[in-house]
$ cat input33.csv   # CSV, C-alpha atoms and all ligand atoms
chain,number,residue,atom,x,y,z
A,1,ALA,CA,18.9,-31.7,40.0
A,2,LYS,CA,21.1,-33.1,42.7
A,3,GLU,CA,20.3,-30.1,44.9
A,4,LEU,CA,16.6,-30.4,44.3
A,5,GLY,CA,16.7,-34.1,45.1
A,6,LYS,CA,18.3,-33.4,48.4
A,7,ASN,CA,15.7,-30.8,49.2
A,8,ASN,CA,13.0,-33.2,48.3
A,9,CYS,CA,14.5,-35.8,50.6
A,10,GLN,CA,14.6,-33.3,53.5
A,11,PHE,CA,11.1,-32.3,52.8
A,12,TYR,CA,9.9,-35.9,52.9
A,13,ALA,CA,12.0,-36.6,56.0
A,14,HIS,CA,10.5,-33.7,57.7
A,15,GLU,CA,6.9,-34.8,56.8
A,16,MET,CA,7.6,-38.3,58.1
A,17,ASN,CA,9.0,-37.0,61.3
A,18,ALA,CA,6.0,-34.8,61.9
A,19,THR,CA,3.7,-37.7,61.2
A,20,LEU,CA,5.6,-40.1,63.4
A,21,GLU,CA,5.7,-37.5,66.2
A,22,GLU,CA,2.0,-37.0,66.0
A,23,LYS,CA,1.4,-40.7,65.8
A,24,LEU,CA,3.5,-41.3,69.0
A,25,ALA,CA,1.7,-38.5,70.7
A,26,LEU,CA,-1.7,-40.0,69.8
A,27,MET,CA,-0.6,-43.4,70.9
A,28,ASP,CA,0.5,-42.0,74.2
A,29,GLY,CA,-2.8,-40.1,74.6
A,30,LEU,CA,-4.7,-43.3,73.8
A,31,ARG,CA,-3.0,-45.2,76.5
A,32,LYS,CA,-4.5,-42.8,79.0
A,33,ALA,CA,-7.9,-42.3,77.2
A,34,VAL,CA,-9.7,-45.2,78.7
A,35,GLY,CA,-8.8,-44.4,82.3
A,36,ALA,CA,-9.4,-40.7,81.8
A,37,GLY,CA,-12.9,-41.3,80.6
A,38,GLN,CA,-12.3,-39.8,77.2
A,39,LEU,CA,-14.1,-42.5,75.2
A,40,ARG,CA,-17.7,-42.4,74.2
A,41,LEU,CA,-20.0,-44.7,72.3
A,42,VAL,CA,-22.5,-43.7,69.7
A,43,TYR,CA,-25.0,-46.1,68.3
A,44,GLN,CA,-26.3,-46.5,64.7
A,45,PRO,CA,-29.7,-48.2,64.2
A,46,LYS,CA,-30.0,-51.3,62.1
A,47,VAL,CA,-33.4,-51.5,60.4
A,48,ASP,CA,-35.3,-54.6,59.4
A,49,LEU,CA,-36.6,-54.0,55.9
A,50,GLU,CA,-39.7,-56.1,56.3
A,51,THR,CA,-41.0,-54.5,59.5
A,52,GLY,CA,-39.3,-51.2,59.2
A,53,ARG,CA,-38.2,-51.5,62.8
A,54,VAL,CA,-34.9,-50.9,64.5
A,55,PHE,CA,-34.0,-54.4,65.6
A,56,GLY,CA,-30.4,-53.6,66.7
A,57,VAL,CA,-27.7,-51.0,66.9
A,58,GLU,CA,-24.0,-51.0,66.2
A,59,ALA,CA,-21.8,-49.4,68.9
A,60,LEU,CA,-19.1,-47.1,67.4
A,61,VAL,CA,-16.4,-45.6,69.6
A,62,ARG,CA,-15.4,-41.9,69.7
A,63,TRP,CA,-12.4,-40.4,71.3
A,64,GLN,CA,-13.1,-37.0,72.9
A,65,HIS,CA,-9.5,-35.7,73.1
A,66,PRO,CA,-9.0,-32.8,75.5
A,67,GLU,CA,-7.1,-30.6,73.0
A,68,ARG,CA,-7.8,-32.1,69.5
A,69,GLY,CA,-11.6,-32.5,70.0
A,70,LEU,CA,-13.3,-35.5,68.5
A,71,VAL,CA,-10.8,-38.0,67.0
A,72,ARG,CA,-12.3,-40.4,64.4
A,73,PRO,CA,-12.0,-44.1,64.9
A,74,ASP,CA,-10.5,-44.5,61.4
A,75,VAL,CA,-7.5,-42.5,62.8
A,76,PHE,CA,-7.1,-44.0,66.3
A,77,ILE,CA,-8.3,-47.6,66.0
A,78,PRO,CA,-5.4,-48.5,63.7
A,79,LEU,CA,-2.9,-46.8,66.1
A,80,ALA,CA,-4.5,-48.7,69.0
A,81,GLU,CA,-4.2,-51.9,67.1
A,82,GLU,CA,-0.6,-51.2,66.4
A,83,SER,CA,0.3,-50.3,70.0
A,84,GLY,CA,-1.9,-53.0,71.6
A,85,THR,CA,-4.1,-50.5,73.4
A,86,ILE,CA,-7.0,-51.8,71.4
A,87,VAL,CA,-7.4,-54.7,73.9
A,88,ALA,CA,-8.2,-52.2,76.7
A,89,ILE,CA,-10.3,-50.1,74.5
A,90,GLY,CA,-12.2,-53.1,73.2
A,91,GLU,CA,-12.9,-54.3,76.7
A,92,TRP,CA,-14.3,-50.9,77.6
A,93,VAL,CA,-16.5,-50.8,74.5
A,94,LEU,CA,-17.8,-54.3,75.2
A,95,ARG,CA,-18.7,-53.5,78.8
A,96,GLU,CA,-20.2,-50.1,78.0
A,97,ALA,CA,-22.3,-51.5,75.1
A,98,CYS,CA,-23.7,-54.3,77.2
A,99,ARG,CA,-24.5,-52.0,80.0
A,100,GLN,CA,-26.3,-49.6,77.7
A,101,ALA,CA,-28.3,-52.4,76.0
A,102,ARG,CA,-29.4,-53.6,79.4
A,103,ARG,CA,-30.3,-50.0,80.4
A,104,TRP,CA,-32.6,-49.6,77.4
A,105,GLN,CA,-34.4,-52.8,78.5
A,106,GLU,CA,-34.7,-51.6,82.0
A,107,ASP,CA,-36.3,-48.4,80.6
A,108,GLY,CA,-39.0,-50.6,79.3
A,109,LEU,CA,-38.0,-50.5,75.6
A,110,ALA,CA,-38.4,-53.5,73.3
A,111,PRO,CA,-35.1,-55.4,73.5
A,112,ILE,CA,-32.7,-54.8,70.6
A,113,SER,CA,-29.3,-56.4,69.9
A,114,VAL,CA,-26.1,-54.4,70.2
A,115,SER,CA,-23.2,-55.1,67.9
A,116,VAL,CA,-19.6,-54.5,68.9
A,117,ASN,CA,-16.7,-54.4,66.5
A,118,VAL,CA,-13.8,-56.7,67.3
A,119,SER,CA,-10.4,-55.9,65.9
A,120,PRO,CA,-7.8,-58.6,65.0
A,121,ARG,CA,-5.6,-58.1,68.1
A,122,GLN,CA,-8.6,-58.2,70.4
A,123,PHE,CA,-9.9,-61.3,68.7
A,124,ASP,CA,-6.6,-63.0,69.2
A,125,ASP,CA,-6.4,-62.1,72.9
A,126,ARG,CA,-6.6,-65.2,75.1
A,127,ARG,CA,-9.0,-63.4,77.4
A,128,LEU,CA,-11.6,-62.4,74.8
A,129,VAL,CA,-14.1,-65.1,75.7
A,130,THR,CA,-13.7,-64.4,79.5
A,131,ARG,CA,-14.1,-60.7,78.9
A,132,VAL,CA,-17.3,-61.2,76.9
A,133,SER,CA,-18.8,-63.4,79.6
A,134,GLU,CA,-17.8,-60.8,82.3
A,135,ALA,CA,-19.4,-58.0,80.4
A,136,LEU,CA,-22.6,-60.0,80.1
A,137,ALA,CA,-22.6,-61.1,83.8
A,138,GLU,CA,-21.8,-57.6,85.0
A,139,SER,CA,-24.5,-55.9,83.0
A,140,GLY,CA,-27.1,-58.6,83.3
A,141,LEU,CA,-27.6,-58.6,79.5
A,142,ASP,CA,-28.7,-61.9,78.0
A,143,ALA,CA,-26.1,-63.2,75.5
A,144,ARG,CA,-28.7,-63.3,72.7
A,145,TRP,CA,-28.7,-59.5,72.6
A,146,LEU,CA,-25.0,-59.2,71.9
A,147,GLU,CA,-23.4,-59.5,68.5
A,148,LEU,CA,-19.7,-59.3,67.6
A,149,GLU,CA,-18.7,-58.0,64.2
A,150,VAL,CA,-15.4,-59.5,62.8
A,151,THR,CA,-13.9,-58.8,59.5
A,152,GLU,CA,-13.3,-61.2,56.7
A,153,SER,CA,-9.5,-60.8,56.7
A,154,LEU,CA,-9.4,-61.5,60.5
A,155,ILE,CA,-11.1,-64.9,60.3
A,156,MET,CA,-9.3,-66.0,57.1
A,157,ARG,CA,-5.8,-65.6,58.6
A,158,ASP,CA,-6.1,-68.7,60.6
A,159,VAL,CA,-9.4,-70.4,59.8
A,160,GLN,CA,-9.2,-73.2,62.4
A,161,GLN,CA,-8.3,-70.9,65.2
A,162,ALA,CA,-11.1,-68.5,64.3
A,163,VAL,CA,-13.6,-71.3,64.0
A,164,ASP,CA,-12.7,-72.6,67.4
A,165,LYS,CA,-13.0,-69.3,69.1
A,166,MET,CA,-16.2,-68.4,67.3
A,167,ARG,CA,-17.7,-71.7,68.3
A,168,GLU,CA,-16.9,-70.9,72.0
A,169,LEU,CA,-18.7,-67.6,71.6
A,170,GLU,CA,-21.6,-69.1,69.8
A,171,ALA,CA,-22.0,-71.7,72.6
A,172,MET,CA,-22.4,-68.8,75.0
A,173,GLY,CA,-25.4,-67.6,72.8
A,174,ILE,CA,-23.7,-64.7,71.1
A,175,ALA,CA,-24.3,-63.8,67.5
A,176,LEU,CA,-21.4,-63.3,65.1
A,177,SER,CA,-21.4,-61.4,61.9
A,178,ILE,CA,-18.8,-60.7,59.2
A,179,ASP,CA,-18.2,-57.0,58.6
A,180,ASP,CA,-17.1,-55.3,55.4
A,181,PHE,CA,-17.9,-58.5,53.5
A,182,GLY,CA,-16.6,-58.6,49.9
A,183,THR,CA,-13.5,-56.4,50.7
A,184,GLY,CA,-11.2,-59.3,51.8
A,185,TYR,CA,-10.5,-62.7,50.4
A,186,SER,CA,-13.0,-65.1,51.8
A,187,SER,CA,-12.7,-68.7,51.1
A,188,LEU,CA,-16.3,-69.6,50.3
A,189,ALA,CA,-15.6,-73.1,51.4
A,190,ALA,CA,-14.3,-71.9,54.8
A,191,LEU,CA,-17.2,-69.6,55.2
A,192,LYS,CA,-19.5,-72.6,55.6
A,193,SER,CA,-17.7,-73.7,58.7
A,194,PHE,CA,-18.0,-70.5,60.6
A,195,PRO,CA,-21.0,-70.0,63.0
A,196,ILE,CA,-22.0,-66.8,61.4
A,197,SER,CA,-25.5,-65.5,61.5
A,198,ARG,CA,-25.1,-62.4,59.3
A,199,LEU,CA,-23.0,-60.9,56.5
A,200,LYS,CA,-22.6,-57.2,56.2
A,201,ILE,CA,-22.2,-55.8,52.6
A,202,ASP,CA,-19.4,-53.2,52.7
A,203,LYS,CA,-20.4,-49.7,52.0
A,204,SER,CA,-18.0,-49.4,49.1
A,205,PHE,CA,-20.4,-51.7,47.1
A,206,VAL,CA,-23.4,-49.6,48.2
A,207,ARG,CA,-22.1,-46.2,47.3
A,208,ASP,CA,-22.4,-46.4,43.5
A,209,LEU,CA,-25.1,-49.0,43.5
A,210,ALA,CA,-27.4,-46.9,41.3
A,211,HIS,CA,-24.9,-46.4,38.6
A,212,SER,CA,-22.5,-49.3,38.7
A,213,ALA,CA,-23.6,-52.6,37.2
A,214,ASP,CA,-20.5,-54.3,38.8
A,215,ASP,CA,-21.6,-53.2,42.3
A,216,GLN,CA,-25.2,-54.3,41.6
A,217,ALA,CA,-23.9,-57.7,40.6
A,218,ILE,CA,-21.7,-57.9,43.7
A,219,ALA,CA,-24.5,-56.9,46.1
A,220,ARG,CA,-26.9,-59.4,44.5
A,221,ALA,CA,-24.2,-62.1,44.8
A,222,ILE,CA,-23.6,-61.4,48.4
A,223,ILE,CA,-27.3,-61.4,49.2
A,224,SER,CA,-27.8,-64.7,47.4
A,225,LEU,CA,-24.7,-66.3,49.0
A,226,SER,CA,-26.0,-65.2,52.5
A,227,HIS,CA,-29.3,-66.8,51.9
A,228,GLN,CA,-27.9,-70.0,50.5
A,229,LEU,CA,-25.8,-70.3,53.7
A,230,GLN,CA,-28.9,-69.6,55.8
A,231,MET,CA,-27.5,-66.2,57.0
A,232,ARG,CA,-29.2,-62.9,57.2
A,233,VAL,CA,-27.6,-60.1,55.2
A,234,ILE,CA,-27.3,-56.4,56.0
A,235,ALA,CA,-26.1,-53.5,53.9
A,236,GLU,CA,-24.1,-50.7,55.5
A,237,GLY,CA,-23.7,-47.1,54.2
A,238,VAL,CA,-27.2,-46.8,52.8
A,239,GLU,CA,-27.6,-43.1,52.1
A,240,THR,CA,-30.3,-42.7,49.4
A,241,GLU,CA,-33.7,-44.0,48.6
A,242,GLN,CA,-32.4,-45.3,45.4
A,243,GLN,CA,-29.9,-47.5,47.1
A,244,ARG,CA,-32.5,-48.7,49.5
A,245,ALA,CA,-34.8,-49.6,46.7
A,246,PHE,CA,-32.1,-51.6,44.8
A,247,LEU,CA,-31.2,-53.6,47.9
A,248,ALA,CA,-34.8,-54.2,48.8
A,249,GLN,CA,-35.5,-55.5,45.3
A,250,TYR,CA,-32.5,-57.9,45.6
A,251,GLY,CA,-33.9,-59.3,48.8
A,252,CYS,CA,-31.5,-57.7,51.3
A,253,ASP,CA,-32.9,-58.3,54.9
A,254,GLU,CA,-31.6,-55.3,56.8
A,255,MET,CA,-29.9,-51.9,56.4
A,256,GLN,CA,-27.9,-49.4,58.2
A,257,GLY,CA,-26.9,-45.9,57.0
A,258,TYR,CA,-27.5,-42.2,57.0
A,259,LEU,CA,-30.8,-42.7,55.2
A,260,PHE,CA,-32.2,-44.0,58.4
A,261,SER,CA,-29.9,-42.4,61.0
A,262,LYS,CA,-26.4,-41.4,61.7
A,263,PRO,CA,-24.7,-42.9,64.7
A,264,VAL,CA,-26.2,-41.1,67.7
A,265,PRO,CA,-25.9,-40.9,71.5
A,266,ALA,CA,-27.7,-43.6,73.6
A,267,ASP,CA,-30.5,-41.3,74.6
A,268,ASP,CA,-31.5,-40.6,71.0
A,269,ILE,CA,-31.7,-44.4,70.5
A,270,GLY,CA,-34.1,-44.6,73.5
A,271,THR,CA,-36.3,-41.9,71.9
A,272,MET,CA,-36.2,-43.6,68.6
A,273,LEU,CA,-37.2,-47.0,70.0
A,274,ALA,CA,-40.2,-45.4,71.7
A,275,ARG,CA,-41.3,-44.0,68.4
A,276,ARG,CA,-42.5,-45.1,64.9
A,277,PRO,CA,-40.7,-47.4,62.5
A,278,LEU,CA,-37.8,-45.8,60.5
A,279,ALA,CA,-38.5,-47.4,57.1
A,301,LIG,P1,-17.3,-50.0,60.4
A,301,LIG,O1,-17.4,-51.1,61.4
A,301,LIG,O2,-17.3,-50.5,58.9
A,301,LIG,O3,-18.4,-49.0,60.7
A,301,LIG,C1,-19.2,-48.3,59.7
A,301,LIG,C2,-18.7,-46.9,59.6
A,301,LIG,O4,-19.5,-46.3,58.5
A,301,LIG,C3,-18.9,-46.0,60.8
A,301,LIG,O5,-17.8,-45.1,60.8
A,301,LIG,C4,-20.2,-45.3,60.5
A,301,LIG,O6,-20.3,-44.1,61.2
A,301,LIG,C5,-20.1,-45.1,59.0
A,301,LIG,N1,-21.4,-44.9,58.4
A,301,LIG,C6,-22.6,-45.3,58.8
A,301,LIG,N2,-23.6,-45.0,58.0
A,301,LIG,C7,-23.0,-44.5,56.9
A,301,LIG,C8,-23.5,-43.9,55.7
A,301,LIG,O7,-24.6,-44.0,55.3
A,301,LIG,N3,-22.5,-43.4,54.8
A,301,LIG,C9,-21.2,-43.4,55.1
A,301,LIG,N4,-20.4,-42.9,54.2
A,301,LIG,N5,-20.7,-43.9,56.3
A,301,LIG,C10,-21.6,-44.4,57.2
A,301,LIG,P2,-17.0,-44.7,62.1
A,301,LIG,O8,-18.0,-44.7,63.3
A,301,LIG,O9,-16.2,-43.5,61.8
A,301,LIG,O10,-16.1,-46.0,62.3
A,301,LIG,C11,-15.1,-46.3,61.4
A,301,LIG,C12,-14.5,-47.6,61.7
A,301,LIG,O11,-13.8,-47.7,62.9
A,301,LIG,C13,-15.5,-48.8,61.8
A,301,LIG,O12,-15.9,-49.2,60.5
A,301,LIG,C14,-14.7,-49.8,62.6
A,301,LIG,O13,-13.9,-50.5,61.7
A,301,LIG,C15,-13.9,-48.9,63.5
A,301,LIG,N6,-14.5,-48.9,64.8
A,301,LIG,C16,-15.4,-48.1,65.3
A,301,LIG,N7,-15.7,-48.3,66.6
A,301,LIG,C17,-15.0,-49.4,66.9
A,301,LIG,C18,-14.8,-50.2,68.1
A,301,LIG,O14,-15.5,-50.0,69.2
A,301,LIG,N8,-13.9,-51.2,68.1
A,301,LIG,C19,-13.2,-51.5,66.9
A,301,LIG,N9,-12.3,-52.5,67.0
A,301,LIG,N10,-13.3,-50.8,65.8
A,301,LIG,C20,-14.2,-49.7,65.8
A,302,CA,CA,-18.8,-52.7,61.9
A,303,CA,CA,-18.4,-52.2,58.1
A,304,CA,CA,-15.9,-50.4,56.8
$ encode --input "input33.csv" --output "structure tokens" --more "lines below"
Ligand code: C2E
Ligand code: CA
Ligand code: CA
Ligand code: CA
Amino acid sequence: AKELGKNNCQFYAHEMNATLEEKLALMDGLRKAVGAGQLRLVYQPKVDLETGRVFGVEALVRWQHPERGLVRPDVFIPLAEESGTIVAIGEWVLREACRQARRWQEDGLAPISVSVNVSPRQFDDRRLVTRVSEALAESGLDARWLELEVTESLIMRDVQQAVDKMRELEAMGIALSIDDFGTGYSSLAALKSFPISRLKIDKSFVRDLAHSADDQAIARAIISLSHQLQMRVIAEGVETEQQRAFLAQYGCDEMQGYLFSKPVPADDIGTMLARRPLA
């Protein structure tokens, strides 16, 4: 038993080393990724249920690694957050998303909003507000077409600090939304004091919507809460017609998910905008 225990220990130690090594290699690669032009943005349409139109897109980052191929953001965003590289990545995403949104307008397409995800470390960065105004000025994009998605846990860590920063951004004309709503611990009282225009129902509540009475209750509660607080509400991860029907029935305003479109390159969005409604 002792021998086995020892072997097990070595086994785990080996696994941990491999993981750590890989983690460090990825972190190192990430540091260079921005400068090396290895990051790409894809865009996922957000559909207005009433009009069926694409009123906005969410920018989602991809890392085209020279040897590993496409690395998912679920893998590298947490590493970038840990190492601090997220600040540089976030700035690149912001500038590129604003530039692209402006480009669609210049192509004569109806203006849509572009949403950018902001991670905790990026949100805490002193230069965030400056970087946002630089990205707008440089691209010529009007602030009303930019939305920042922040998570519930991010804003609840230090409510006063988050309120102050969000008010600064709001004063510039930028929209703010809460991502993954329902997965963190929001103080409902605090929620009132944030200049938020939209709550996004996390896809974990959408997945089993057709079969789970609990998820149905949660989705309805979030929709009702949003409307009580004069906010719009969007559901993410909508994959089936059944999920769409439930959400529509509960009064959800907007949706995003594979049912409408996967995240796609900018050119495909251009084609889509020039075409018929999605829903
Ligand atoms: P998120 O902000 O919650 O983004 C939604 C994720 O759900 C995206 O994954 C999207 O591709 C995926 N998705 C969209 N529709 C569906 C659907 O119908 N079904 C399912 N199962 N999934 C769907 P993605 O692109 O892999 O991004 C993962 C996460 O990485 C994002 O979650 C976000 O937290 C983070 N992320 C992505 N881009 C950025 C970025 O530029 N900056 C920061 N800070 N984080 C980012
Ligand atoms: Ca998001
Ligand atoms: Ca989300
Ligand atoms: Ca999520």
$ closest_residue --input "input33.csv" --among "A:Ile222, A:Leu60, A:Ala135, A:Ile77" --to "Asp202 (chain A)" --atoms "only C-alpha atoms"
A:Ile222
$ atom_distance --input "input33.csv" --atom1 "CA of Ile223 (chain A)" --atom2 "CA of Glu236 (chain A)"
12.8 Å
$ residues_around --input "input33.csv" --residues "region 85-96 of chain A" --least-positions-apart "6" --cutoff "8 Å" --atoms "all atoms listed in the file" --output "PyMOL selection string"
chain A and resi 30-31+34+41+59+61+77+116+118-119+121-122+125+131-132+135-136+139
$ write_last_selection --input "input33.csv" --atoms "C-alpha atoms" --output "PDB file, keeping the file's coordinate frame"
ATOM      1  CA  LEU A  30      -4.700 -43.300  73.800  1.00  0.00           C
ATOM      2  CA  ARG A  31      -3.000 -45.200  76.500  1.00  0.00           C
ATOM      3  CA  VAL A  34      -9.700 -45.200  78.700  1.00  0.00           C
ATOM      4  CA  LEU A  41     -20.000 -44.700  72.300  1.00  0.00           C
ATOM      5  CA  ALA A  59     -21.800 -49.400  68.900  1.00  0.00           C
ATOM      6  CA  VAL A  61     -16.400 -45.600  69.600  1.00  0.00           C
ATOM      7  CA  ILE A  77      -8.300 -47.600  66.000  1.00  0.00           C
ATOM      8  CA  VAL A 116     -19.600 -54.500  68.900  1.00  0.00           C
ATOM      9  CA  VAL A 118     -13.800 -56.700  67.300  1.00  0.00           C
ATOM     10  CA  SER A 119     -10.400 -55.900  65.900  1.00  0.00           C
ATOM     11  CA  ARG A 121      -5.600 -58.100  68.100  1.00  0.00           C
ATOM     12  CA  GLN A 122      -8.600 -58.200  70.400  1.00  0.00           C
ATOM     13  CA  ASP A 125      -6.400 -62.100  72.900  1.00  0.00           C
ATOM     14  CA  ARG A 131     -14.100 -60.700  78.900  1.00  0.00           C
ATOM     15  CA  VAL A 132     -17.300 -61.200  76.900  1.00  0.00           C
ATOM     16  CA  ALA A 135     -19.400 -58.000  80.400  1.00  0.00           C
ATOM     17  CA  LEU A 136     -22.600 -60.000  80.100  1.00  0.00           C
ATOM     18  CA  SER A 139     -24.500 -55.900  83.000  1.00  0.00           C
TER      19      SER A 139
END
$ closest_residue --input "input33.csv" --among "A:Ile155, A:Lys165, A:Leu26, A:Trp104" --to "Arg126 (chain A)" --atoms "only C-alpha atoms"
A:Lys165
$ closest_residue --input "input33.csv" --among "A:Phe123, A:Glu81, A:Ala36, A:Ser186" --to "Ser153 (chain A)" --atoms "all atoms listed in the file"
A:Ser186
$ closest_atom_pairs --input "input33.csv" --of "region 122-210 of chain A" --to "region 251-258 of chain A" --cutoff "12 Å" --atoms "all atoms listed in the file" --output "Markdown table"
| residue | atom | partner | partner_atom | distance |
| --- | --- | --- | --- | --- |
| A:Arg198 | CA | A:Asp253 | CA | 9.8 |
| A:Leu199 | CA | A:Glu254 | CA | 10.3 |
| A:Lys200 | CA | A:Met255 | CA | 9.0 |
| A:Ile201 | CA | A:Met255 | CA | 9.4 |
| A:Asp202 | CA | A:Gln256 | CA | 10.8 |
| A:Lys203 | CA | A:Gly257 | CA | 9.0 |
| A:Val206 | CA | A:Gly257 | CA | 10.2 |
| A:Arg207 | CA | A:Gly257 | CA | 10.8 |
$ closest_residue --input "input33.csv" --among "A:Thr51, A:Gln243, A:Gln100, A:Gln38" --to "Pro265 (chain A)" --atoms "all atoms listed in the file"
A:Gln100
$ residues_around --input "input33.csv" --residues "Ala110 (chain A)" --least-positions-apart "2" --cutoff "12 Å" --atoms "only C-alpha atoms" --output "list in words"
Arg53, Val54, Phe55, Gly56, Ala101, Arg102, Arg103, Trp104, Gln105, Glu106, Asp107, Gly108, Ile112, Ser113, Trp145, Ile269, Gly270, Thr271, Met272, Leu273, Ala274 and Arg275 of chain A
$ write_last_selection --input "input33.csv" --atoms "C-alpha atoms" --output "PDB file, in the coordinates of the input"
ATOM      1  CA  ARG A  53     -38.200 -51.500  62.800  1.00  0.00           C
ATOM      2  CA  VAL A  54     -34.900 -50.900  64.500  1.00  0.00           C
ATOM      3  CA  PHE A  55     -34.000 -54.400  65.600  1.00  0.00           C
ATOM      4  CA  GLY A  56     -30.400 -53.600  66.700  1.00  0.00           C
ATOM      5  CA  ALA A 101     -28.300 -52.400  76.000  1.00  0.00           C
ATOM      6  CA  ARG A 102     -29.400 -53.600  79.400  1.00  0.00           C
ATOM      7  CA  ARG A 103     -30.300 -50.000  80.400  1.00  0.00           C
ATOM      8  CA  TRP A 104     -32.600 -49.600  77.400  1.00  0.00           C
ATOM      9  CA  GLN A 105     -34.400 -52.800  78.500  1.00  0.00           C
ATOM     10  CA  GLU A 106     -34.700 -51.600  82.000  1.00  0.00           C
ATOM     11  CA  ASP A 107     -36.300 -48.400  80.600  1.00  0.00           C
ATOM     12  CA  GLY A 108     -39.000 -50.600  79.300  1.00  0.00           C
ATOM     13  CA  ILE A 112     -32.700 -54.800  70.600  1.00  0.00           C
ATOM     14  CA  SER A 113     -29.300 -56.400  69.900  1.00  0.00           C
ATOM     15  CA  TRP A 145     -28.700 -59.500  72.600  1.00  0.00           C
ATOM     16  CA  ILE A 269     -31.700 -44.400  70.500  1.00  0.00           C
ATOM     17  CA  GLY A 270     -34.100 -44.600  73.500  1.00  0.00           C
ATOM     18  CA  THR A 271     -36.300 -41.900  71.900  1.00  0.00           C
ATOM     19  CA  MET A 272     -36.200 -43.600  68.600  1.00  0.00           C
ATOM     20  CA  LEU A 273     -37.200 -47.000  70.000  1.00  0.00           C
ATOM     21  CA  ALA A 274     -40.200 -45.400  71.700  1.00  0.00           C
ATOM     22  CA  ARG A 275     -41.300 -44.000  68.400  1.00  0.00           C
TER      23      ARG A 275
END
$ atom_distance --input "input33.csv" --atom1 "CA of Val42 (chain A)" --atom2 "CA of Met172 (chain A)"
25.7 Å
$ closest_residue --input "input33.csv" --among "A:Leu24, A:Leu128, A:Met231, A:Leu247" --to "Asp215 (chain A)" --atoms "only C-alpha atoms"
A:Leu247
$ residues_near_ligand --input "input33.csv" --ligand "ligand CA 302 (chain A)" --cutoff "6 Å" --atoms "all atoms listed in the file" --output "PyMOL selection string"
chain A and resi 117+149+179
$ axis_aligned_box --input "input33.csv" --around "region 68-75 of chain A" --padding-each-side "8 Å" --output "lines of an AutoDock Vina configuration file"
center_x = -10.4
center_y = -38.3
center_z = 65.7
size_x = 21.8
size_y = 28.4
size_z = 24.6
$ atom_distance --input "input33.csv" --atom1 "CA of Tyr185 (chain A)" --atom2 "atom C19 of ligand LIG 301 (chain A)"
20.1 Å
$ closest_residue --input "input33.csv" --among "A:Ser197, A:Ser226, A:Ser133, A:Gln44" --to "Glu58 (chain A)" --atoms "all atoms listed in the file"
A:Gln44
$ residues_around --input "input33.csv" --residues "Pro195 (chain A)" --least-positions-apart "3" --cutoff "7 Å" --atoms "only C-alpha atoms" --output "number ranges by chain"
A: 166-167, 170
$ residues_around --input "input33.csv" --residues "Arg72 (chain A)" --least-positions-apart "2" --cutoff "7 Å" --atoms "all atoms listed in the file" --output "list of chain:residue names"
A:Arg62, A:Trp63, A:Leu70, A:Asp74, A:Val75, A:Phe76
$ write_last_selection --input "input33.csv" --atoms "C-alpha atoms" --output "PDB file, in the frame of the given file"
ATOM      1  CA  ARG A  62     -15.400 -41.900  69.700  1.00  0.00           C
ATOM      2  CA  TRP A  63     -12.400 -40.400  71.300  1.00  0.00           C
ATOM      3  CA  LEU A  70     -13.300 -35.500  68.500  1.00  0.00           C
ATOM      4  CA  ASP A  74     -10.500 -44.500  61.400  1.00  0.00           C
ATOM      5  CA  VAL A  75      -7.500 -42.500  62.800  1.00  0.00           C
ATOM      6  CA  PHE A  76      -7.100 -44.000  66.300  1.00  0.00           C
TER       7      PHE A  76
END
$ residues_around --input "input33.csv" --residues "region 64-67 of chain A" --least-positions-apart "6" --cutoff "8 Å" --atoms "only C-alpha atoms" --output "PyMOL selection string"
chain A and resi 33+38-40
$ build_atoms --input "input33.csv" --residues "region 86-92 of chain A" --atoms "N, CA, C and O atoms" --output "tab-separated table (two decimals), in the coordinates of the input"
chain	number	residue	atom	x	y	z
A	86	ILE	N	-5.67	-51.41	71.87
A	86	ILE	CA	-7.00	-51.80	71.40
A	86	ILE	C	-7.63	-52.85	72.32
A	86	ILE	O	-8.86	-52.90	72.43
A	87	VAL	N	-6.83	-53.63	73.01
A	87	VAL	CA	-7.40	-54.70	73.90
A	87	VAL	C	-8.17	-53.97	75.04
A	87	VAL	O	-9.30	-54.32	75.32
A	88	ALA	N	-7.54	-52.97	75.66
A	88	ALA	CA	-8.20	-52.20	76.70
A	88	ALA	C	-9.40	-51.44	76.21
A	88	ALA	O	-10.46	-51.40	76.84
A	89	ILE	N	-9.23	-50.82	75.06
A	89	ILE	CA	-10.30	-50.10	74.50
A	89	ILE	C	-11.49	-51.00	74.14
A	89	ILE	O	-12.65	-50.71	74.45
A	90	GLY	N	-11.16	-52.11	73.54
A	90	GLY	CA	-12.20	-53.10	73.20
A	90	GLY	C	-12.95	-53.60	74.36
A	90	GLY	O	-14.17	-53.79	74.29
A	91	GLU	N	-12.26	-53.82	75.46
A	91	GLU	CA	-12.90	-54.30	76.70
A	91	GLU	C	-13.88	-53.23	77.21
A	91	GLU	O	-14.98	-53.54	77.65
A	92	TRP	N	-13.43	-51.99	77.16
A	92	TRP	CA	-14.30	-50.90	77.60
A	92	TRP	C	-15.55	-50.81	76.75
A	92	TRP	O	-16.66	-50.69	77.26
